[in-house]
Amino acid sequence: MSVSTAHKIFLYISITGFGGLIVFLGIALHLAYTKMDFMLDHLKNCPSIMVRVPFKNEGAWGWLFLLGAIMGVMTIPNFYIRGGGANANDLKSFPEGLRRKLIILHWSGVFFIALLLGLFAAITVGLV
């Protein structure tokens with residue numbers, strides 16, 4: 001029995017998606033466990049972050065939840081500043097290199113989730 005080209009492409013894309021998500025989670029956990037206190041020191045006047053700080057004591061999922069909130073504030077700061085959830089001075093003082101890492105990490109996670117959802121849609125429709 002031979003595997004069709006469509007099935008091979010599906011396999012490669014799905015391995016890329018799942019592998020990317022595993023790498024995403026590894027990098028996110030590493031950042032959360034090594035840089036969280038540093039990030040929280042810079043964002044101490046941001047209510048949308050400070051309200052989530054108690055989740056830091058809930059294990060890995062709590063750390064990821066808090067990091068996700070920080071990534072959201074870094075990715076779309078104007079939304080949070082207008083809504084009163086972020087302080088513009090705190091965002092200006094945040095280190096640029098770390099901000100860039102968080103934004104890239106956020107968009108890579110969105111990309112891998114969208115990739116896997118696209119594969120799911122292709123299976124549902126019957127393309128593969």
# chains A, B, ... in the order shown; residues from 1 in each chain; ligands from 1

call {"tool": "residues_around", "arguments": {"residues": "range 77-90 of chain A", "least_positions_apart": "3", "cutoff": "7 Å", "atoms": "only C-alpha atoms", "output": "list of chain:residue names"}}
result
A:His42, A:Leu43, A:Asn45, A:Cys46, A:Pro47, A:Ser48, A:Val73, A:Met74, A:Ser93, A:Phe94

call {"tool": "write_last_selection", "arguments": {"atoms": "N, CA and C atoms", "output": "CSV table (one decimal), in the first residue's frame"}}
result
chain,number,residue,atom,x,y,z
A,42,HIS,N,8.4,45.3,35.9
A,42,HIS,CA,8.2,46.4,34.9
A,42,HIS,C,6.7,46.7,34.6
A,43,LEU,N,5.8,45.8,35.0
A,43,LEU,CA,4.4,46.0,34.7
A,43,LEU,C,3.6,46.1,36.0
A,45,ASN,N,2.2,48.6,37.4
A,45,ASN,CA,1.1,49.5,37.3
A,45,ASN,C,0.0,49.1,36.3
A,46,CYS,N,0.1,47.9,35.8
A,46,CYS,CA,-0.9,47.5,34.8
A,46,CYS,C,-1.9,46.6,35.5
A,47,PRO,N,-3.2,47.1,35.6
A,47,PRO,CA,-4.2,46.3,36.3
A,47,PRO,C,-4.5,45.0,35.6
A,48,SER,N,-4.5,44.9,34.3
A,48,SER,CA,-4.8,43.7,33.6
A,48,SER,C,-3.8,42.6,33.9
A,73,VAL,N,-0.8,42.0,26.2
A,73,VAL,CA,-0.5,43.4,26.4
A,73,VAL,C,0.6,43.9,25.5
A,74,MET,N,1.6,43.1,25.4
A,74,MET,CA,2.7,43.5,24.5
A,74,MET,C,2.4,43.6,23.0
A,93,SER,N,8.9,51.6,29.5
A,93,SER,CA,10.1,51.2,30.2
A,93,SER,C,10.4,49.7,30.1
A,94,PHE,N,9.5,48.9,29.5
A,94,PHE,CA,9.7,47.5,29.3
A,94,PHE,C,10.9,47.3,28.3

call {"tool": "residues_around", "arguments": {"residues": "range 109-121 of chain A", "least_positions_apart": "6", "cutoff": "8 Å", "atoms": "only C-alpha atoms", "output": "NGL selection string"}}
result
:A and (10 or 13-14 or 17-18 or 20-21 or 24)

call {"tool": "write_last_selection", "arguments": {"atoms": "N, CA and C atoms", "output": "PDB file, in the first residue's frame"}}
result
ATOM      1  N   PHE A  10      -0.068  16.251   4.300  1.00  0.00           N
ATOM      2  CA  PHE A  10      -0.827  16.370   5.548  1.00  0.00           C
ATOM      3  C   PHE A  10       0.030  15.950   6.738  1.00  0.00           C
ATOM      4  N   ILE A  13       2.754  18.650   7.446  1.00  0.00           N
ATOM      5  CA  ILE A  13       2.173  19.863   8.033  1.00  0.00           C
ATOM      6  C   ILE A  13       1.730  19.602   9.474  1.00  0.00           C
ATOM      7  N   SER A  14       1.145  18.438   9.728  1.00  0.00           N
ATOM      8  CA  SER A  14       0.695  18.149  11.095  1.00  0.00           C
ATOM      9  C   SER A  14       1.878  17.967  12.043  1.00  0.00           C
ATOM     10  N   GLY A  17       3.046  21.420  12.806  1.00  0.00           N
ATOM     11  CA  GLY A  17       2.133  22.094  13.727  1.00  0.00           C
ATOM     12  C   GLY A  17       2.297  21.626  15.156  1.00  0.00           C
ATOM     13  N   PHE A  18       2.289  20.312  15.361  1.00  0.00           N
ATOM     14  CA  PHE A  18       2.425  19.791  16.720  1.00  0.00           C
ATOM     15  C   PHE A  18       3.817  20.050  17.284  1.00  0.00           C
ATOM     16  N   GLY A  20       5.796  22.504  16.439  1.00  0.00           N
ATOM     17  CA  GLY A  20       5.868  23.932  16.713  1.00  0.00           C
ATOM     18  C   GLY A  20       5.188  24.289  18.019  1.00  0.00           C
ATOM     19  N   LEU A  21       4.049  23.665  18.294  1.00  0.00           N
ATOM     20  CA  LEU A  21       3.360  23.938  19.560  1.00  0.00           C
ATOM     21  C   LEU A  21       4.153  23.425  20.759  1.00  0.00           C
ATOM     22  N   PHE A  24       6.845  25.918  21.191  1.00  0.00           N
ATOM     23  CA  PHE A  24       6.209  27.122  21.734  1.00  0.00           C
ATOM     24  C   PHE A  24       6.000  26.984  23.237  1.00  0.00           C
TER      25      PHE A  24
END

call {"tool": "residues_around", "arguments": {"residues": "Gly59 in chain A", "least_positions_apart": "4", "cutoff": "12 Å", "atoms": "only C-alpha atoms", "output": "JSON, numbers by chain"}}
result
{"A": [29, 32, 33, 54, 55, 63, 64, 65, 66]}

call {"tool": "write_last_selection", "arguments": {"atoms": "N, CA and C atoms", "output": "mmCIF file, in the first residue's frame"}}
result
data_model
loop_
_atom_site.group_PDB
_atom_site.id
_atom_site.type_symbol
_atom_site.label_atom_id
_atom_site.label_comp_id
_atom_site.auth_asym_id
_atom_site.auth_seq_id
_atom_site.Cartn_x
_atom_site.Cartn_y
_atom_site.Cartn_z
ATOM 1 N N LEU A 29 7.260 28.322 28.739
ATOM 2 C CA LEU A 29 7.520 27.930 30.123
ATOM 3 C C LEU A 29 8.893 28.401 30.592
ATOM 4 N N ALA A 32 8.554 32.028 31.259
ATOM 5 C CA ALA A 32 7.716 32.247 32.442
ATOM 6 C C ALA A 32 8.496 31.966 33.725
ATOM 7 N N TYR A 33 9.238 30.879 33.754
ATOM 8 C CA TYR A 33 9.932 30.516 34.980
ATOM 9 C C TYR A 33 11.203 31.324 35.216
ATOM 10 N N PRO A 54 -2.016 36.257 41.100
ATOM 11 C CA PRO A 54 -2.238 35.097 41.974
ATOM 12 C C PRO A 54 -2.200 33.748 41.249
ATOM 13 N N PHE A 55 -2.415 33.738 39.946
ATOM 14 C CA PHE A 55 -2.349 32.478 39.197
ATOM 15 C C PHE A 55 -0.923 31.944 39.115
ATOM 16 N N TRP A 63 1.340 29.875 35.333
ATOM 17 C CA TRP A 63 2.441 30.642 34.752
ATOM 18 C C TRP A 63 2.143 30.958 33.287
ATOM 19 N N LEU A 64 1.627 29.968 32.546
ATOM 20 C CA LEU A 64 1.308 30.191 31.132
ATOM 21 C C LEU A 64 0.159 31.183 30.974
ATOM 22 N N PHE A 65 -0.814 31.127 31.881
ATOM 23 C CA PHE A 65 -1.933 32.066 31.828
ATOM 24 C C PHE A 65 -1.433 33.499 32.037
ATOM 25 N N LEU A 66 -0.580 33.686 33.006
ATOM 26 C CA LEU A 66 -0.020 35.007 33.283
ATOM 27 C C LEU A 66 0.866 35.475 32.129
#

call {"tool": "atom_distance", "arguments": {"atom1": "CA of Glu96 in chain A", "atom2": "CA of Ile27 in chain A"}}
result
17.9 Å

call {"tool": "residues_around", "arguments": {"residues": "Met71 in chain A", "least_positions_apart": "6", "cutoff": "7 Å", "atoms": "only C-alpha atoms", "output": "list of chain:residue names"}}
result
A:Leu102, A:Ile103, A:His106

call {"tool": "write_last_selection", "arguments": {"atoms": "C-alpha atoms", "output": "PDB file, in the first residue's frame"}}
result
ATOM      1  CA  LEU A 102       7.073  38.002  23.609  1.00  0.00           C
ATOM      2  CA  ILE A 103       5.439  39.369  20.461  1.00  0.00           C
ATOM      3  CA  HIS A 106       2.597  35.220  20.668  1.00  0.00           C
TER       4      HIS A 106
END

call {"tool": "closest_residue", "arguments": {"among": "A:Gly72, A:Gly97, A:Gly26, A:Gly126", "to": "Ile49 in chain A", "atoms": "only C-alpha atoms"}}
result
A:Gly72

call {"tool": "select_by_dssp", "arguments": {"residues": "range 5-115 of chain A", "states": "alpha helix (DSSP H)", "output": "VMD selection string"}}
result
chain A and resid 5 to 42 47 to 50 60 to 75 77 to 83 88 to 93 96 to 115

call {"tool": "closest_residue", "arguments": {"among": "A:Val53, A:Glu58, A:Ile104, A:Gly68", "to": "Asp41 in chain A", "atoms": "only C-alpha atoms"}}
result
A:Val53

call {"tool": "atom_distance", "arguments": {"atom1": "CA of Met36 in chain A", "atom2": "CA of Gly62 in chain A"}}
result
11.6 Å

call {"tool": "closest_residue", "arguments": {"among": "A:Thr16, A:Leu91, A:Ile22, A:Lys8", "to": "Lys44 in chain A", "atoms": "only C-alpha atoms"}}
result
A:Leu91

call {"tool": "closest_residue", "arguments": {"among": "A:Val23, A:Met39, A:Ile9, A:Ala28", "to": "Pro95 in chain A", "atoms": "only C-alpha atoms"}}
result
A:Met39

call {"tool": "atom_distance", "arguments": {"atom1": "CA of Lys101 in chain A", "atom2": "CA of Ile15 in chain A"}}
result
23.7 Å
